[in-house]
Structures are given as C-alpha cells and as structure tokens.
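*Asks:* Quick one: the structure is below, and I'll ask about it shortly.
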Number of protein chains: 2
Amino acid sequence: MCELLGMSANVPTDICFSFKGLRERGGNTGPHKDGWGIAFYQGKGVSTFKDAAASHHSRVAELITDYPIKSNVVVAHVRQANRGRVALENTHPFTRELWGRYWTYAHNGQLSDYKQLPCGQFQPVGTTDSERAFCFILSALAEKYPQGPKSRPQLFAFVKKLCDGLRQQGVFNLLLSDGDYLFCYCSTKLHHITRRAPFGLARLSDVDVDIDFTRETTERDVVTIVATMPLTCNEAWQAMTTGEAILWKAGEMVRRF
Amino acid sequence: MCELLGMSANVPTDICFSFKGLRERGGNTGPHKDGWGIAFYQGKGVSTFKDAAASHHSRVAELITDYPIKSNVVVAHVRQANRGRVALENTHPFTRELWGRYWTYAHNGQLSDYKQLPCGQFQPVGTTDSERAFCFILSALAEKYPQGPKSRPQLFAFVKKLCDGLRQQGVFNLLLSDGDYLFCYCSTKLHHITRRAPFGLARLSDVDVDIDFTRETTERDVVTIVATMPLTCNEAWQAMTTGEAILWKAGEMVRRF
C-alpha cells in the first residue's frame with residue numbers, strides 16, 4: 001500500500017509542513033520506502049519531483065521539506081510496492097496530457113484483473129495496476145468527451161462512476177487533478193482538513209514539529225489538505241467514507257458525490 | 001533563444017559538472033533567465049525538475065549541481081523567452097507518452113507560422129512554438145507508425161526529415177529522447193564531445209571549476225555531452241553543421257544523418 005497527500009489552496013501555498021510528515025512515513029515511521037513523488041501545479045504547468053528511493057533518505061525530498069515551492073494544487077505519494085517492481089517508471093504521481101491540460105494522478109490500493117482495463121491511446125509505461133487504471137480513466141474520458149467536457153464538475157462526476165467500478169476490483173483511493181480542481185475518491189482510507197482564519201497551531205504526528213499558521217498565512221487564505229491518514233495530532237481531520245468522492249477548487253469543497 | 005544540454009552514457013552517470021556550467025548561463029554568464037528544466041531517465045522512467053525562475057538563482061538548480069543523480073540519458077534546457085510568456089507550462093523540457101514510452105524534448109530557436117502545425121491527439125498545454133513543434137512531431141510519428149516503429153533508428157530518420165521541414169520555418173535546434181536514444185538536430189548551433197578512457201581534466205568555461213574525470217569514471221565508461229555551445233574551455237568539442245542530425249545510444253554515435 002501507499003500514502004497519498006494532496007493540497008488545494010486559493011493562494012500559492014507551500015506544502016513543506018505536510019510533506020515533512022508524509023516523508024517520515026517513507027521509510028521511518030511508515031513502511032513506504034519504495035519511492036516517492038510530488039507534483040506542483042503553477043497555473044497550467046506542473047513540475048514533478050520523483051525518486052524510486054525512500055523519501056526518508058532522499059536529498060531531493062529533504063529539499064522539498066525545506067524549500068517553499070508555492071503552488072495552488074499539489075499531488076504527492078509515498079510508495080510501498082505491491083504490483084510492479086521498485087523503479088522510477090512505477091513511481092507516482094503520473095502525469096499525462098488530455099485536451100491541452102496536464103492531468104496528475106496518484107493511487108493508494110491494489111487492483112486485481114487490471115491488465116484487462118482498456119487504455120486506448122494512453123499506454124502505460126510501467127507495470128503497476130495504478131498507472132494502468134490512470135490510463136483507463138483518461139481513455140474513458142477521451143472517449144466520452146472527444147472535444148473536451150463542457151463542465152468539469154460533470155466530468156468529475158463521470159470519474160466518480162469509473163472509480164465506483166474500479167473499487168469492485170480491489171482497493172482504489174485516488175487523487176486526480178487538472179491543475180484547477182483536486183478530485184479525491186475514498187475506497188478505504190482518506191482524510192481531509194480545511195484550514196482558514198482563525199488559524200492556529202498544528203503539530204505533526206510523525207515527527208516533533210509544530211507550525212503556527214497565523215504567521216504563515218493571511219486572513220483570506222483557504223488551504224485544504226487531503227491525506228491517507230491525518231498528518232497532525234491536534235486538529236480535527238474528517239474521515240471520508242467508502243465510495244465517497246469530493247471535488248475541491250481553490251481550497252473549497254465544490255461538490256461532494 | 002535558449003541553451004540545450006544533453007547526455008548519453010553507457011553507465012548511470014551524473015551531470016553535475018556540465019549542469020554547473022549551463023546553470024551559469026541562466027542569468028549569470030548568459031541571458032537565459034526565463035526558466036530552466038532537466039529530465040533524468042532511469043530505465044523507462046523519467047524525473048523532470050523545472051522552474052520558471054532563473055537557474056542561476058534557483059535552489060532546485062543548486063541541488064542538481066551538488067547532488068549526483070545517476071542517469072543514462074539527460075535532457076536539459078535554460079530558457080530565454082521569445083514565443084510564449086515566462087510560465088511553468090512554457091518551460092522545457094516537455095515530456096509526453098507515445099507507444100508506452102516517455103518522449104522528452106527540448107528546443108532552441110524560434111519558428112514562424114507554428115500555430116498551423118497539426119498536432120492530432122497531442123495538444124499543447126502552453127503557448128510556445130517549441131511545444132507546438134513537439135506535438136507536431138509526435139502526432140506525425142503516431143500517424144506514420146500506428147503500431148509503433150519496428151526500428152527506432154528508422155524512426156529517428158523520419159524525425160530528421162520532420163526537422164528539415166521545421167527548419168524552413170525558422171531556427172530549430174533539437175534534443176529528443178525516448179530514454180534509450182538521444183537524438184540531436186542542428187539548425188544553427190550544437191556541439192558534442194564524447195569522453196572515454198584515457199580520461200583527463202576538464203575545465204568549465206563559465207565558472208572557475210575543474211574536474212578530473214579519471215577519478216570519477218572507470219575505463220569502460222563512455223559519456224557523450226551535447227550542448228548549444230561548448231561548456232569546457234580545454235577540450236575539443238565538435239561543431240555540428242546546419243541540417244545535421246546525430247543519434248546516440250549508451251554514449252556512442254549510432255547514426256549520423
């Protein structure tokens with residue numbers, strides 16, 4: 001299994017604090033030592049850092065915890081391999097272009113019979129069930145909306161249906177973004193928290209680190225964090241339920257499916 | 001205009017030394033301050049670091065010069081914007097999947113009438129002539145080889161023809177890789193050097209740094225570097241001529257077109 005981390009914010013925000021917690025689970029407080037990756041959107045562009053080594057020991061992961069890369073949408077993942085060997089091509093998140101947008105995806109779970117999933121023009125590069133399911137979702141979207149969707153919330157409602165189907169083949173917790181929206185789907189485990197004024201102090205669960213968000217934010221900031229398991233020990237994270245999906249934009253919940 | 005840097009090697013090799021020279025041209029010894037990026041292949045996987053800020057001032061670029069990421073193929077770029085604003089989505093290199101491989105591309109030059117180039121299923125995300133030309137090349141490849149090519153050198157011979165056409169629309173110096181091969185095309189300026197035993201001392205042109213490759217390598221290592229302008233001042237770089245293309249694999253020249 002793996003752990004997911006996503007962010008949706010209404011102002012460019014760094015994810016150093018949350019990533020610091022996630023990184024510990026990549027080979028220290030957690031067993032997810034088989035690679036890690038993080039994608040930062042800035043406008044329509046996306047920059048992805050990934051490494052097939054454990055995040056806990058990674059110099060690049062160290063940089064991400066220290067160096068504030070400002071972004072409105074982040075998708076991150078630490079991996080414990082099940083399907084597909086430990087290799088860079090099997091490391092999440094995965095990014096592909098569709099309708100002139102970059103789509104970024106990370107998966108936590110395990111699917112059976114995934115090799116039968118049709119992928120159309122989106123061929124997997126690696127050998128994971130995860131990447132195959134991503135290609136399946138994109139090819140289903142390309143087929144349903146050959147000219148692109150008129151409404152993106154409607155498109156994500158369709159993605160939710162696809163996830164309901166995939167969940168029949170195993171465990172399928174998902175983060176998916178086009179740079180504007182962050183879509184998350186819960187099969188077994190996914191939690192979220194939205195931070196807004198009045199901000200307070202947060203304390204990481206995995207390492208002895210506090211942050212005082214009042215010093216880091218303005219009154220208008222809205223920042224939502226989605227993670228497999230809560231990353232802080234003194235805040236009220238919301239647990240999602242099986243089959244539930246939430247669509248976020250600019251830190252706010254746009255739709256709950 | 002921009003500057004290109006590519007590497008092809010027969011053993012996983014870091015590019016710290018060469019990137020140190022290139023980075024200086026991103027806002028210090030050169031005017032290419034409008035973003036930079038570098039893609040490292042490891043097997044079929046690729047990890048790309050990019051930033052719309054000047055490489056000379058970038059913390060991420062600093063990491064790349066200090067931290068040896070071992071790779072067999074590297075494609076890097078520092079940008080001086082002409083077509084397309086300074087933004088992450090306009091920052092090279094660009095990567096797309098075709099036939100279950102990641103293709104990575106960087107361009108130096110400027111094209112006119114590029115908006116008419118057909119792109120098929122590969123839609124540009126940003127607004128550069130460069131990304132449009134990349135989408136054009138991939139869509140032409142997808143059309144010519146619907147099931148994938150039987151011979152990749154033959155495929156690159158076809159890419160060379162496409163480049164000959166694009167060069168009629170302006171300046172088109174190119175690096176393109178699928179993770180195994182590194183293809184380079186010269187429209188105006190491109191240089192290469194192959195380092196093999198007996199290795200010697202190399203000195204960067206842009207900053208006062210030496211390296212003694214005898215200490216960094218084994219006798220069997222073969223490493224080719226391709227760059228817009230020579231990066232060292234004491235070695236014999238080969239200048240490519242207009243319309244010339246070279247295909248490299250594992251550091252060796254496979255074919256000259």
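In the structure tokens, chains take the letters A, B, ... in the order shown, each chain's residues start at 1, and ligands count up from 1 in the order shown.
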Which residues of chain A are close to chain B, meaning at most 9 Å apart when you count only C-alpha atoms, and how do they look as a PyMOL selection string?
*Replies:* chain A and resi 41-51+59-60+63+67+87-91+95-102+121-126
*Asks:* Could you pull out the helix (DSSP H, G or I) residues of range 136-176 of chain A from DSSP and send them as an NGL selection string?
*Replies:* :A and (136-144 or 152-167)
*Asks:* Could you pull out the residues in range 16-178 of chain A that DSSP calls strand (DSSP E) from the backbone, as an MDAnalysis selection string?
*Replies:* chainID A and resid 36:42 45:51 71:79 94:98 101:111 170:177
*Asks:* What does the distance between CA of Ser139 in chain B and CA of Ala227 in chain B come to in Å, to one decimal place?
*Replies:* 26.5 Å
*Asks:* Using only C-alpha atoms, which protein or nucleic acid residues come within 9 Å of Ala239 in chain A? Drop anything in the same chain fewer than 4 positions from it, and give the result as an mmCIF file with N, CA, C and O atoms, in the first residue's frame.
*Replies:*
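Ended up saving to out.cif:
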data_model
loop_
_atom_site.group_PDB
_atom_site.id
_atom_site.type_symbol
_atom_site.label_atom_id
_atom_site.label_comp_id
_atom_site.auth_asym_id
_atom_site.auth_seq_id
_atom_site.Cartn_x
_atom_site.Cartn_y
_atom_site.Cartn_z
ATOM 1 N N LYS A 189 -9.556 4.501 2.835
ATOM 2 C CA LYS A 189 -8.980 5.447 3.797
ATOM 3 C C LYS A 189 -8.602 6.738 3.106
ATOM 4 O O LYS A 189 -7.765 6.736 2.183
ATOM 5 N N LEU A 190 -9.185 7.833 3.541
ATOM 6 C CA LEU A 190 -8.778 9.146 3.054
ATOM 7 C C LEU A 190 -9.359 10.174 4.024
ATOM 8 O O LEU A 190 -10.514 10.049 4.456
ATOM 9 N N HIS A 191 -8.556 11.164 4.395
ATOM 10 C CA HIS A 191 -8.968 12.185 5.365
ATOM 11 C C HIS A 191 -8.698 13.566 4.786
ATOM 12 O O HIS A 191 -7.822 13.727 3.939
ATOM 13 N N HIS A 192 -9.455 14.550 5.270
ATOM 14 C CA HIS A 192 -9.203 15.915 4.786
ATOM 15 C C HIS A 192 -9.398 16.912 5.909
ATOM 16 O O HIS A 192 -10.110 16.664 6.890
ATOM 17 N N MET A 229 -3.901 9.207 5.941
ATOM 18 C CA MET A 229 -4.129 9.281 7.395
ATOM 19 C C MET A 229 -3.816 10.691 7.859
ATOM 20 O O MET A 229 -2.948 11.344 7.280
ATOM 21 N N PRO A 230 -4.509 11.198 8.890
ATOM 22 C CA PRO A 230 -4.225 12.548 9.373
ATOM 23 C C PRO A 230 -2.726 12.744 9.609
ATOM 24 O O PRO A 230 -2.049 11.841 10.105
#
*Asks:* Quick one: everything within 10 Å of Phe213 in chain A, counting only C-alpha atoms, minus sequence neighbours fewer than 6 positions away in the same chain. Send it as a compact mmCIF listing (two decimals) with N, CA and C atoms, in the first residue's frame.
*Replies:*
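The result, written out as selection-v7.txt:
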# COMPACT_ATOMS: atom_id res chain seq x y z
N ARG A 195 -8.06 24.44 6.34
CA ARG A 195 -7.58 25.46 7.28
C ARG A 195 -7.94 26.84 6.74
N ARG A 196 -8.53 27.66 7.58
CA ARG A 196 -8.88 29.04 7.22
C ARG A 196 -8.87 29.86 8.50
N ALA A 197 -8.98 31.18 8.39
CA ALA A 197 -8.94 32.05 9.58
C ALA A 197 -10.10 31.71 10.50
N PRO A 198 -9.99 31.72 11.83
CA PRO A 198 -8.72 31.98 12.52
C PRO A 198 -7.80 30.76 12.52
N PHE A 199 -6.57 30.96 12.06
CA PHE A 199 -5.60 29.87 12.00
C PHE A 199 -5.03 29.59 13.39
N GLY A 200 -4.49 28.42 13.58
CA GLY A 200 -3.90 28.08 14.87
C GLY A 200 -2.60 27.34 14.72
N LEU A 201 -2.27 26.63 15.77
CA LEU A 201 -1.04 25.85 15.81
C LEU A 201 -1.35 24.42 15.36
N ALA A 202 -0.47 23.85 14.55
CA ALA A 202 -0.63 22.45 14.16
C ALA A 202 0.63 21.69 14.51
*Asks:* Identify, on the basis of only C-alpha atoms, every residue whose closest approach to Asp129 in chain A does not exceed 8 Å; exclude the query and any residue fewer than 2 positions from it along the same chain; express the result as a VMD selection string.
*Replies:* chain A and resid 83 to 84 110 to 112 114 to 115 127 131 to 133
*Asks:* Please compute the CA of Cys2 in chain B-CA of Glu252 in chain B distance, one decimal, in Å.
*Replies:*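 Computed distance, CA of Cys2 in chain B to CA of Glu252 in chain B, equals 25.6 Å.
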*Asks:* Just to confirm, what's the straight-line distance from CA of Thr104 in chain B to CA of Val75 in chain B in Å (one decimal)?
*Replies:* 7.2 Å
*Asks:* Name all residues at most 9 Å from Trp36 in chain B (count only C-alpha atoms; drop same-chain ones fewer than 5 positions away) and give them as a list of chain:residue names.
*Replies:* B:Arg23, B:Gly26, B:Phe49, B:Lys50, B:Asp51, B:Ala52, B:Ala53, B:Ala54, B:Ser55, B:Ala61, B:Ala76, B:His77, B:Val78, B:Arg79, B:Thr91, B:His92, B:Pro93
*Asks:* My list of candidates is B:Ile193, B:Leu5, B:Gly243, B:Gln80. Which is closest to Gly27 in chain B when distances are computed with only C-alpha atoms?
*Replies:* B:Gln80
*Asks:* Using only C-alpha atoms, which of the listed residues (B:Thr13, B:Leu4, B:Ala39, B:Ser130) sits closest to Ser71 in chain B?
*Replies:* B:Thr13
*Asks:* Any idea what's packed within 12 Å of Leu231 in chain B, counting only C-alpha atoms, ignoring anything in its chain fewer than 6 positions away? Could you give it as an MDAnalysis selection string?
*Replies:* chainID B and resid 3:6 17:25 29 190:193 202:210 225 237:238
*Asks:* Using the selection just defined, write its residues with N, CA and C atoms as an mmCIF file, in the first residue's frame.
*Replies:*
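Generated file (again_28.cif):
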data_model
loop_
_atom_site.group_PDB
_atom_site.id
_atom_site.type_symbol
_atom_site.label_atom_id
_atom_site.label_comp_id
_atom_site.auth_asym_id
_atom_site.auth_seq_id
_atom_site.Cartn_x
_atom_site.Cartn_y
_atom_site.Cartn_z
ATOM 1 N N GLU B 3 19.503 27.668 -24.348
ATOM 2 C CA GLU B 3 20.632 26.745 -24.481
ATOM 3 C C GLU B 3 20.200 25.334 -24.101
ATOM 4 N N LEU B 4 20.729 24.394 -24.858
ATOM 5 C CA LEU B 4 20.401 22.981 -24.679
ATOM 6 C C LEU B 4 21.579 22.239 -24.056
ATOM 7 N N LEU B 5 21.258 21.198 -23.322
ATOM 8 C CA LEU B 5 22.281 20.297 -22.783
ATOM 9 C C LEU B 5 21.708 18.886 -22.783
ATOM 10 N N GLY B 6 22.431 17.952 -23.372
ATOM 11 C CA GLY B 6 22.000 16.562 -23.380
ATOM 12 C C GLY B 6 23.150 15.644 -22.989
ATOM 13 N N PHE B 17 28.649 18.325 -13.179
ATOM 14 C CA PHE B 17 29.698 19.198 -13.712
ATOM 15 C C PHE B 17 29.170 20.020 -14.895
ATOM 16 N N SER B 18 28.570 19.353 -15.874
ATOM 17 C CA SER B 18 28.083 20.075 -17.052
ATOM 18 C C SER B 18 26.948 21.026 -16.701
ATOM 19 N N PHE B 19 26.064 20.568 -15.807
ATOM 20 C CA PHE B 19 24.922 21.416 -15.444
ATOM 21 C C PHE B 19 25.389 22.661 -14.696
ATOM 22 N N LYS B 20 26.504 22.522 -13.962
ATOM 23 C CA LYS B 20 27.074 23.681 -13.272
ATOM 24 C C LYS B 20 27.419 24.784 -14.282
ATOM 25 N N GLY B 21 27.978 24.381 -15.413
ATOM 26 C CA GLY B 21 28.304 25.353 -16.457
ATOM 27 C C GLY B 21 27.052 25.939 -17.093
ATOM 28 N N LEU B 22 26.110 25.061 -17.444
ATOM 29 C CA LEU B 22 24.875 25.529 -18.091
ATOM 30 C C LEU B 22 24.124 26.487 -17.192
ATOM 31 N N ARG B 23 24.083 26.158 -15.909
ATOM 32 C CA ARG B 23 23.306 26.949 -14.945
ATOM 33 C C ARG B 23 23.777 28.396 -14.897
ATOM 34 N N GLU B 24 25.076 28.599 -15.064
ATOM 35 C CA GLU B 24 25.617 29.966 -15.041
ATOM 36 C C GLU B 24 25.050 30.812 -16.179
ATOM 37 N N ARG B 25 24.737 30.112 -17.286
ATOM 38 C CA ARG B 25 24.197 30.840 -18.444
ATOM 39 C C ARG B 25 22.740 31.231 -18.231
ATOM 40 N N THR B 29 26.350 34.258 -16.586
ATOM 41 C CA THR B 29 27.190 34.477 -17.766
ATOM 42 C C THR B 29 26.367 34.500 -19.054
ATOM 43 N N LEU B 190 25.057 23.600 -32.399
ATOM 44 C CA LEU B 190 25.016 22.457 -31.492
ATOM 45 C C LEU B 190 26.408 21.811 -31.522
ATOM 46 N N HIS B 191 26.926 21.466 -30.353
ATOM 47 C CA HIS B 191 28.268 20.895 -30.230
ATOM 48 C C HIS B 191 28.206 19.607 -29.418
ATOM 49 N N HIS B 192 29.174 18.729 -29.646
ATOM 50 C CA HIS B 192 29.188 17.494 -28.856
ATOM 51 C C HIS B 192 30.617 17.073 -28.551
ATOM 52 N N ILE B 193 30.721 16.301 -27.486
ATOM 53 C CA ILE B 193 32.011 15.733 -27.102
ATOM 54 C C ILE B 193 31.751 14.362 -26.480
ATOM 55 N N ALA B 202 38.973 18.401 -17.105
ATOM 56 C CA ALA B 202 38.119 19.314 -17.873
ATOM 57 C C ALA B 202 37.887 20.564 -17.043
ATOM 58 N N ARG B 203 37.809 21.694 -17.726
ATOM 59 C CA ARG B 203 37.647 22.980 -17.044
ATOM 60 C C ARG B 203 36.442 23.709 -17.648
ATOM 61 N N LEU B 204 35.495 24.107 -16.811
ATOM 62 C CA LEU B 204 34.312 24.820 -17.302
ATOM 63 C C LEU B 204 34.688 26.195 -17.855
ATOM 64 N N SER B 205 33.929 26.625 -18.871
ATOM 65 C CA SER B 205 34.155 27.947 -19.459
ATOM 66 C C SER B 205 33.518 29.051 -18.628
ATOM 67 N N ASP B 206 32.394 28.744 -17.965
ATOM 68 C CA ASP B 206 31.544 29.796 -17.393
ATOM 69 C C ASP B 206 31.806 30.070 -15.938
ATOM 70 N N VAL B 207 32.573 29.200 -15.296
ATOM 71 C CA VAL B 207 32.809 29.352 -13.875
ATOM 72 C C VAL B 207 34.110 28.611 -13.577
ATOM 73 N N ASP B 208 34.818 29.045 -12.572
ATOM 74 C CA ASP B 208 36.152 28.515 -12.326
ATOM 75 C C ASP B 208 36.083 27.159 -11.616
ATOM 76 N N VAL B 209 35.753 26.128 -12.387
ATOM 77 C CA VAL B 209 35.610 24.783 -11.823
ATOM 78 C C VAL B 209 36.304 23.779 -12.739
ATOM 79 N N ASP B 210 37.116 22.902 -12.125
ATOM 80 C CA ASP B 210 37.782 21.804 -12.848
ATOM 81 C C ASP B 210 37.196 20.485 -12.392
ATOM 82 N N ILE B 225 28.331 14.332 -24.263
ATOM 83 C CA ILE B 225 27.603 15.550 -23.884
ATOM 84 C C ILE B 225 27.320 16.339 -25.162
ATOM 85 N N TRP B 237 35.579 20.108 -28.573
ATOM 86 C CA TRP B 237 34.169 19.864 -28.905
ATOM 87 C C TRP B 237 34.019 19.870 -30.430
ATOM 88 N N GLN B 238 33.109 19.057 -30.928
ATOM 89 C CA GLN B 238 32.812 19.013 -32.362
ATOM 90 C C GLN B 238 31.584 19.872 -32.636
#
